[in-house]
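**Q** Coordinates in coords.cif, mmCIF, C-alpha atoms, are listed below.
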data_start
loop_
_atom_site.label_atom_id
_atom_site.label_comp_id
_atom_site.auth_asym_id
_atom_site.auth_seq_id
_atom_site.Cartn_x
_atom_site.Cartn_y
_atom_site.Cartn_z
CA MET H 1011 107.77 101.66 69.79
CA LEU H 1012 106.80 100.60 73.29
CA SER H 1013 109.07 98.18 75.13
CA PHE H 1014 108.00 96.10 78.12
CA HIS H 1015 110.74 94.76 80.37
CA ILE H 1016 109.33 91.95 82.52
CA ILE H 1017 111.40 91.01 85.55
CA THR H 1018 110.37 87.52 86.59
CA LEU H 1019 111.45 84.19 88.04
CA PHE H 1020 109.49 82.33 85.36
CA PRO H 1021 109.88 83.85 81.88
CA GLU H 1022 108.67 80.57 80.37
CA LEU H 1023 105.19 81.35 81.70
CA LEU H 1024 105.02 84.34 79.37
CA THR H 1025 107.06 83.55 76.27
CA SER H 1026 104.41 81.48 74.50
CA ALA H 1027 101.52 83.77 75.46
CA THR H 1028 103.32 86.82 74.08
CA ASN H 1029 104.15 85.09 70.81
CA CYS H 1030 100.67 84.82 69.33
CA SER H 1031 97.61 86.84 68.32
CA ILE H 1032 97.63 90.63 68.56
CA ILE H 1033 100.71 90.80 70.79
CA LYS H 1034 102.77 88.93 68.18
CA ARG H 1035 101.32 91.08 65.40
CA ALA H 1036 102.39 94.22 67.25
CA GLN H 1037 105.92 92.86 67.64
CA ASP H 1038 106.10 91.80 63.99
CA ARG H 1039 105.09 95.32 62.96
CA GLY H 1040 107.79 96.89 65.12
CA LEU H 1041 105.26 98.57 67.39
CA LEU H 1042 106.02 96.56 70.53
CA SER H 1043 108.96 94.73 72.02
CA ILE H 1044 108.95 92.48 75.08
CA HIS H 1045 112.08 91.58 77.03
CA PHE H 1046 112.26 89.03 79.82
CA TRP H 1047 114.78 89.40 82.62
CA ASN H 1048 115.27 86.34 84.81
CA ILE H 1049 115.73 87.32 88.45
CA ARG H 1050 117.48 84.04 89.18
CA ASN H 1051 120.40 85.10 86.99
CA GLN H 1052 121.26 87.68 89.65
CA CYS H 1053 121.13 85.29 92.60
CA THR H 1054 124.64 85.00 94.05
CA ASP H 1055 124.50 81.75 96.04
CA LYS H 1056 125.27 78.39 94.46
CA HIS H 1057 121.62 77.32 94.59
CA ARG H 1058 120.48 80.56 92.88
CA LYS H 1059 117.98 81.08 95.67
CA ALA H 1060 115.67 84.06 95.10
CA ASP H 1061 113.59 83.82 98.27
CA ASP H 1062 113.94 83.40 102.02
CA SER H 1063 111.81 83.02 105.13
CA PRO H 1064 110.10 86.19 106.41
CA TYR H 1065 111.44 88.14 109.36
CA GLY H 1066 109.08 87.90 112.31
CA GLY H 1067 107.92 84.45 111.29
CA GLY H 1068 104.93 83.42 109.24
CA SER H 1069 104.07 81.08 106.42
CA GLY H 1070 105.48 81.17 102.92
CA MET H 1071 108.65 82.58 101.45
CA VAL H 1072 109.49 86.17 100.55
CA MET H 1073 111.43 87.18 97.45
CA LYS H 1074 114.78 88.74 98.30
CA ILE H 1075 115.55 92.33 97.48
CA GLU H 1076 119.11 91.93 96.11
CA PRO H 1077 118.43 89.91 92.94
CA ILE H 1078 115.42 92.07 92.07
CA PHE H 1079 117.38 95.28 92.59
CA ASN H 1080 120.38 94.00 90.63
CA THR H 1081 118.17 92.91 87.74
CA LEU H 1082 116.48 96.30 87.71
CA GLU H 1083 119.85 98.06 87.64
CA ILE H 1084 120.89 96.03 84.60
CA VAL H 1085 117.69 96.96 82.78
CA LYS H 1086 118.16 100.64 83.61
CA SER H 1087 121.77 100.56 82.44
CA GLN H 1088 120.71 99.33 79.01
CA HIS H 1089 117.43 101.17 78.47
CA ALA H 1090 116.00 104.62 79.17
CA VAL H 1091 113.27 103.38 81.49
CA ASP H 1092 110.18 105.62 81.77
CA ARG H 1093 108.17 103.71 84.35
CA ILE H 1094 108.86 100.99 86.90
CA ILE H 1095 105.86 99.03 88.18
CA LEU H 1096 105.69 96.40 90.90
CA LEU H 1097 102.79 94.00 90.42
CA SER H 1098 101.27 93.48 93.84
CA ALA H 1099 97.96 92.50 95.40
CA SER H 1100 98.39 95.61 97.55
CA GLY H 1101 98.72 97.92 94.56
CA ALA H 1102 96.30 100.40 93.04
CA ARG H 1103 93.69 98.93 90.70
CA PHE H 1104 94.76 98.67 87.06
CA ASP H 1105 92.06 99.96 84.72
CA GLN H 1106 91.54 101.26 81.20
CA ARG H 1107 92.72 104.75 82.04
CA LYS H 1108 95.96 103.35 83.42
CA ALA H 1109 96.35 101.28 80.25
CA GLU H 1110 95.96 104.44 78.18
CA GLU H 1111 98.55 106.19 80.35
CA LEU H 1112 101.08 103.38 79.97
CA SER H 1113 100.60 103.27 76.20
CA ALA H 1114 102.25 106.70 76.00
CA TYR H 1115 105.55 105.49 77.50
CA LYS H 1116 108.52 104.02 75.63
CA ASP H 1117 110.12 101.69 78.19
CA VAL H 1118 108.05 100.17 81.00
CA VAL H 1119 109.37 97.73 83.60
CA LEU H 1120 107.00 95.20 85.20
CA ILE H 1121 108.31 93.41 88.29
CA CYS H 1122 106.55 90.10 88.99
CA GLY H 1123 106.34 88.96 92.57
CA HIS H 1124 105.98 85.33 93.58
CA TYR H 1125 105.60 83.12 96.63
CA GLU H 1126 104.33 85.10 99.64
CA GLY H 1127 105.40 88.39 98.06
CA VAL H 1128 108.51 90.52 97.72
CA ASP H 1129 110.63 92.28 100.31
CA ASP H 1130 108.74 95.53 100.86
CA ARG H 1131 111.90 97.57 100.37
CA VAL H 1132 111.60 96.86 96.64
CA ALA H 1133 108.73 99.39 96.64
CA THR H 1134 111.22 102.19 97.28
CA PHE H 1135 112.75 101.62 93.82
CA VAL H 1136 109.52 101.65 91.80
CA ASP H 1137 107.18 104.37 90.57
CA GLU H 1138 103.97 102.58 91.52
CA GLU H 1139 102.40 99.29 92.52
CA LEU H 1140 99.51 97.88 90.49
CA SER H 1141 96.97 95.12 91.03
CA ILE H 1142 94.59 93.67 88.43
CA GLY H 1143 91.89 92.81 90.96
CA ASP H 1144 90.88 91.77 94.44
CA PHE H 1145 92.08 88.19 94.22
CA ILE H 1146 95.33 86.33 94.79
CA LEU H 1147 97.57 84.89 92.08
CA THR H 1148 100.51 82.54 92.47
CA GLY H 1149 102.73 85.16 90.87
CA GLY H 1150 102.69 88.44 89.00
CA GLU H 1151 103.17 86.85 85.58
CA PRO H 1152 99.45 86.60 84.69
CA ALA H 1153 99.01 90.21 85.78
CA ALA H 1154 101.94 91.25 83.57
CA LEU H 1155 100.32 89.52 80.60
CA VAL H 1156 97.01 91.30 81.29
CA ILE H 1157 98.75 94.67 81.30
CA VAL H 1158 100.79 93.96 78.17
CA ASP H 1159 97.69 92.82 76.26
CA SER H 1160 95.57 95.75 77.44
CA VAL H 1161 98.21 98.35 76.59
CA CYS H 1162 99.37 96.74 73.35
CA ARG H 1163 95.99 97.00 71.63
CA LEU H 1164 95.96 100.76 72.26
CA LEU H 1165 99.13 101.36 70.24
CA PRO H 1166 98.43 103.04 66.88
CA GLY H 1167 98.60 100.51 64.06
CA VAL H 1168 98.10 97.39 66.17
CA LEU H 1169 94.37 96.99 65.52
CA GLY H 1170 93.03 97.31 62.01
CA ASN H 1171 90.06 99.46 63.05
CA ILE H 1172 90.63 102.23 65.61
CA CYS H 1173 86.88 102.16 66.38
CA SER H 1174 87.42 98.72 67.88
CA THR H 1175 89.00 100.33 70.94
CA GLN H 1176 86.80 103.43 71.05
CA GLU H 1177 83.49 101.56 71.34
CA GLU H 1178 84.46 98.98 73.96
CA SER H 1179 83.49 98.75 77.61
CA HIS H 1180 85.54 100.94 79.97
CA THR H 1181 86.74 103.15 77.09
CA GLY H 1182 85.75 106.82 77.21
CA GLU H 1183 82.45 106.92 79.06
CA PRO H 1184 82.00 104.68 82.14
CA LEU H 1185 79.51 102.44 80.32
CA LEU H 1186 79.62 98.79 79.37
CA GLU H 1187 79.57 97.89 75.71
CA HIS H 1188 76.28 97.01 74.01
CA PRO H 1189 75.54 93.36 73.08
CA GLN H 1190 77.17 92.03 69.90
CA PHE H 1191 75.73 89.49 67.47
CA THR H 1192 76.84 87.75 64.27
CA ARG H 1193 75.67 84.89 62.02
CA PRO H 1194 73.50 82.85 62.20
CA PRO H 1195 70.46 85.09 62.76
CA GLU H 1196 68.73 82.34 64.77
CA PHE H 1197 70.18 79.55 66.90
CA ARG H 1198 68.07 77.11 68.91
CA GLY H 1199 65.30 79.64 69.32
CA LEU H 1200 67.65 82.51 70.17
CA SER H 1201 67.20 85.31 67.64
CA VAL H 1202 69.18 88.43 66.89
CA PRO H 1203 67.14 91.61 67.61
CA ASP H 1204 65.27 92.73 64.47
CA VAL H 1205 66.55 96.30 64.71
CA LEU H 1206 70.04 95.13 63.78
CA PHE H 1207 68.72 93.98 60.39
CA SER H 1208 66.86 97.23 59.70
CA GLY H 1209 69.69 99.08 57.99
CA ASN H 1210 68.56 102.19 59.86
CA HIS H 1211 71.77 103.42 61.46
CA ALA H 1212 70.00 105.91 63.71
CA LYS H 1213 67.74 103.21 65.15
CA ILE H 1214 70.66 100.83 65.57
CA SER H 1215 72.70 103.50 67.34
CA LYS H 1216 69.79 104.28 69.66
CA TRP H 1217 69.24 100.59 70.44
CA ARG H 1218 72.91 100.08 71.23
CA ARG H 1219 73.01 103.11 73.49
CA LYS H 1220 69.94 101.93 75.38
CA GLN H 1221 71.40 98.46 75.79
CA SER H 1222 74.67 99.93 77.02
CA ILE H 1223 72.88 102.00 79.65
CA ALA H 1224 70.67 99.11 80.76
CA ARG H 1225 73.57 96.70 81.01
CA THR H 1226 75.69 99.14 83.00
CA ILE H 1227 72.90 99.91 85.49
CA SER H 1228 72.25 96.22 86.01
CA ARG H 1229 75.73 94.76 86.08
CA ARG H 1230 77.97 97.63 87.16
CA PRO H 1231 76.05 100.22 89.18
CA ASP H 1232 79.40 101.52 90.41
CA LEU H 1233 80.24 102.57 86.84
CA TRP H 1234 76.80 104.06 86.28
CA ALA H 1235 77.30 106.24 89.35
CA LYS H 1236 80.30 107.80 87.59
CA HIS H 1237 78.36 108.56 84.42
CA THR H 1238 76.75 111.94 83.72
CA PRO H 1239 73.68 111.29 81.54
CA ASP H 1240 72.78 113.81 78.85
CA MET H 1241 69.25 114.55 77.66
CA THR H 1242 69.33 111.66 75.20
CA ASP H 1243 70.28 109.29 77.99
CA PHE H 1244 67.41 110.54 80.15
CA LEU H 1245 64.97 109.87 77.31
CA LEU H 1246 66.37 106.36 76.92
CA LEU H 1247 66.06 105.82 80.67
CA ALA H 1248 62.40 106.75 80.42
CA GLU H 1249 61.91 104.18 77.65
CA ILE H 1250 63.68 101.54 79.72
CA ALA H 1251 61.49 102.40 82.71
CA ASN H 1252 58.31 102.11 80.63
CA GLU H 1253 59.40 98.75 79.21
CA ALA H 1254 60.21 97.50 82.70
CA ALA H 1255 56.83 98.69 83.98
CA ASP H 1256 55.06 96.86 81.15
CA ILE H 1257 56.95 93.69 82.01
CA ASP H 1258 56.08 93.99 85.69
CA SER H 1259 52.42 94.49 84.84
CA THR H 1260 52.34 91.46 82.56
CA ALA H 1261 54.34 89.33 84.97
CA SER H 1262 51.93 90.04 87.81
CA VAL H 1263 49.09 88.59 85.75
CA THR H 1264 50.99 85.58 84.40
CA ALA H 1265 53.28 84.89 87.35
CA ASN H 1266 52.37 81.21 87.51
CA THR H 1267 53.09 80.53 83.86
CA ALA H 1268 55.71 83.12 82.92
CA PRO H 1269 57.86 84.15 85.88
CA THR H 1270 60.38 85.92 83.64
CA MET H 1271 59.41 88.16 80.73
CA GLU H 1272 61.58 90.01 78.22
CA THR H 1273 61.14 93.06 76.06
CA GLU H 1274 61.89 93.00 72.38
CA ALA H 1275 65.19 94.69 73.21
CA GLY H 1276 66.17 91.80 75.46
CA ILE H 1277 65.75 93.59 78.80
CA ARG H 1278 64.40 91.81 81.88
CA SER H 1279 62.86 93.67 84.77
CA GLN H 1280 64.31 93.49 88.26
CA PRO H 1281 64.54 96.06 91.07
CA ILE H 1282 67.53 98.44 90.97
CA ALA H 1283 68.35 100.97 93.66
CA ASN H 1284 68.67 104.70 92.99
CA GLN H 1285 66.82 104.54 89.67
CA SER H 1286 63.26 105.10 90.86
CA ASN H 1287 63.20 101.42 91.81
CA LEU H 1288 64.12 100.57 88.23
CA THR H 1289 66.60 97.88 87.32
CA THR H 1290 67.10 96.46 83.88
CA GLU H 1291 69.30 93.67 82.76
CA VAL H 1292 70.48 93.00 79.23
CA GLU H 1293 69.90 89.34 78.65
CA LYS H 1294 71.51 88.92 75.26
CA SER H 1295 75.25 89.33 75.09
#
As structure tokens - that is how I would like this structure written.

**A**
Amino acid sequence: MLSFHIITLFPELLTSATNCSIIKRAQDRGLLSIHFWNIRNQCTDKHRKADDSPYGGGSGMVMKIEPIFNTLEIVKSQHAVDRIILLSASGARFDQRKAEELSAYKDVVLICGHYEGVDDRVATFVDEELSIGDFILTGGEPAALVIVDSVCRLLPGVLGNICSTQEESHTGEPLLEHPQFTRPPEFRGLSVPDVLFSGNHAKISKWRRKQSIARTISRRPDLWAKHTPDMTDFLLLAEIANEAADIDSTASVTANTAPTMETEAGIRSQPIANQSNLTTEVEKS
């Protein structure tokens, strides 16, 4: 079982969110436990003050080191902690590989900052600092929830179908997931691609792979740059290029009446760098 120990000023922000859906299912099955440790319980002054003004001046308040350290010491005295993580906008980027790494631990501590940040000396007591993106949050609690959710679903037995995690974006290969569709087959003129009704698993697999490649090139060229295409991928790239060329040719003739054209696969032509001036975008998601 994996245990998360979340050190926070506001456990109430997380209690309801961790008591529903897959996270609750994991806890009910004995695969996950979540413990909240209130930093304010270790504040020694009568007002239970957890922050103070920054040395050197500046706006905002900084969380004090003593209550965080004391809370961490209590956690460590009661549990065999494997990993201590400070959630910080200055931390390394959290990604799927990090989620997979954390899923192998037994006891993980997540320290949530708040206000202007935490006293930087806290970093000397942690194993790493993590950030969930290049944006600012009021506190680390939403980031903690993101990490718990991402890691939880990787635990064996949490999801009913292990393929659910193996086929998703950012899992395994650096490619985005192919478009997904369900009933009804048509909605307000928007139809599900015919190939998905064919029953031909080879054709469906090929279509999904092509869509995955096209979507990654269009939306996340940084991920595509990390991918090493095999021969099958190169053949699919050629098909995508031919479809895009056909669209460009048609669009040049009908520009006044049809400024945007789509292929049967749902791919729209636009310029993309480093792909022989090819860019494709999956329109249906």

**Q** I'd like the interatomic distance between atom CA of Trp1234 of chain H and atom CA of Arg1107 of chain H, to a tenth of an Å.

**A** 16.5 Å

**Q** Excluding segment 1213-1220 of chain H and residues on its chain fewer than 5 positions from it, collect all residues at most 10 Å away from it, counting only C-alpha atoms, and give them as a PyMOL selection string.

**A** chain H and resi 1185-1190+1203-1208+1225-1226+1242-1243+1245-1247+1249-1250+1275+1277+1292

**Q** What separation in Å, quoted to one decimal, exists between atom CA of Gly1070 of chain H and atom CA of Glu1126 of chain H?

**A**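 Atom CA of Glu1126 of chain H lies at a distance of 5.2 Å from atom CA of Gly1070 of chain H.
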
**Q** Kindly resolve the PyMOL selection byres ((chain H and resi 1012) around 12) on the present coordinates and return the residues as a VMD selection string.

**A** chain H and resid 1011 1013 to 1015 1033 1036 to 1037 1039 to 1045 1089 to 1093 1112 to 1119 1158 1161 to 1166 1168

**Q** Under the rule that only C-alpha atoms are counted, which of H:Ala1255, H:Glu1183, H:Glu1083, H:Asp1137 is the nearest residue to Leu1233 of chain H?

**A** H:Glu1183

**Q** Using all atoms listed in the file, which residues sit within 10 Å of Thr1018 of chain H once same-chain residues fewer than 2 positions away are excluded, as an MDAnalysis selection string?

**A** chainID H and resid 1015:1016 1020:1024 1046:1050 1078 1081 1120:1124 1149:1151 1154

**Q** Could the residues in this selection be written to a file with C-alpha atoms, as a PDB file, in the coordinates of the input?

**A**
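Contents of out.pdb, as written:
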ATOM      1  CA  HIS H1015     110.740  94.760  80.370  1.00  0.00           C
ATOM      2  CA  ILE H1016     109.330  91.950  82.520  1.00  0.00           C
ATOM      3  CA  PHE H1020     109.490  82.330  85.360  1.00  0.00           C
ATOM      4  CA  PRO H1021     109.880  83.850  81.880  1.00  0.00           C
ATOM      5  CA  GLU H1022     108.670  80.570  80.370  1.00  0.00           C
ATOM      6  CA  LEU H1023     105.190  81.350  81.700  1.00  0.00           C
ATOM      7  CA  LEU H1024     105.020  84.340  79.370  1.00  0.00           C
ATOM      8  CA  PHE H1046     112.260  89.030  79.820  1.00  0.00           C
ATOM      9  CA  TRP H1047     114.780  89.400  82.620  1.00  0.00           C
ATOM     10  CA  ASN H1048     115.270  86.340  84.810  1.00  0.00           C
ATOM     11  CA  ILE H1049     115.730  87.320  88.450  1.00  0.00           C
ATOM     12  CA  ARG H1050     117.480  84.040  89.180  1.00  0.00           C
ATOM     13  CA  ILE H1078     115.420  92.070  92.070  1.00  0.00           C
ATOM     14  CA  THR H1081     118.170  92.910  87.740  1.00  0.00           C
ATOM     15  CA  LEU H1120     107.000  95.200  85.200  1.00  0.00           C
ATOM     16  CA  ILE H1121     108.310  93.410  88.290  1.00  0.00           C
ATOM     17  CA  CYS H1122     106.550  90.100  88.990  1.00  0.00           C
ATOM     18  CA  GLY H1123     106.340  88.960  92.570  1.00  0.00           C
ATOM     19  CA  HIS H1124     105.980  85.330  93.580  1.00  0.00           C
ATOM     20  CA  GLY H1149     102.730  85.160  90.870  1.00  0.00           C
ATOM     21  CA  GLY H1150     102.690  88.440  89.000  1.00  0.00           C
ATOM     22  CA  GLU H1151     103.170  86.850  85.580  1.00  0.00           C
ATOM     23  CA  ALA H1154     101.940  91.250  83.570  1.00  0.00           C
TER      24      ALA H1154
END

**Q** How many Å separate atom CA of Phe1145 of chain H from atom CA of Ser1031 of chain H?

**A** 26.5 Å

**Q** Taking all atoms listed in the file into account, which of H:Asp1129, H:Lys1108, H:Arg1035, H:Asn1051 comes nearest Lys1074 of chain H?

**A** H:Asp1129

**Q** Calculated over all atoms listed in the file, which of the candidates H:Ser1098, H:Pro1194, H:Val1085, H:Gly1068 has the smallest distance to Val1128 of chain H?

**A**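 Using all atoms listed in the file, the shortest distance to Val1128 of chain H belongs to H:Ser1098.
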
**Q** At a cut-off of 12 Å around the point (91.2, 100.1, 85.6) (file coordinates), what residues fall inside when counting only C-alpha atoms? I'd like the answer as a list in words.

**A**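 Every residue inside that radius is included here: Gly1101, Ala1102, Arg1103, Phe1104, Asp1105, Gln1106, Arg1107, Lys1108, Ala1109, Glu1110, Glu1111, Leu1112, Leu1140, Ser1141, Ile1142, Gly1143, Val1156, Ile1157, Ser1160, Val1161, Ser1179, His1180, Thr1181, Pro1184 and Leu1233 of chain H.
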
**Q** Using only C-alpha atoms, which residues sit within 10 Å of Tyr1125 of chain H once same-chain residues fewer than 4 positions away are excluded, as an mmCIF file with C-alpha atoms, keeping the file's coordinate frame?

**A**
data_model
loop_
_atom_site.group_PDB
_atom_site.id
_atom_site.type_symbol
_atom_site.label_atom_id
_atom_site.label_comp_id
_atom_site.auth_asym_id
_atom_site.auth_seq_id
_atom_site.Cartn_x
_atom_site.Cartn_y
_atom_site.Cartn_z
ATOM 1 C CA ASP H 1061 113.590 83.820 98.270
ATOM 2 C CA ASP H 1062 113.940 83.400 102.020
ATOM 3 C CA GLY H 1070 105.480 81.170 102.920
ATOM 4 C CA MET H 1071 108.650 82.580 101.450
ATOM 5 C CA VAL H 1072 109.490 86.170 100.550
ATOM 6 C CA MET H 1073 111.430 87.180 97.450
ATOM 7 C CA LEU H 1147 97.570 84.890 92.080
ATOM 8 C CA THR H 1148 100.510 82.540 92.470
ATOM 9 C CA GLY H 1149 102.730 85.160 90.870
ATOM 10 C CA GLY H 1150 102.690 88.440 89.000
#
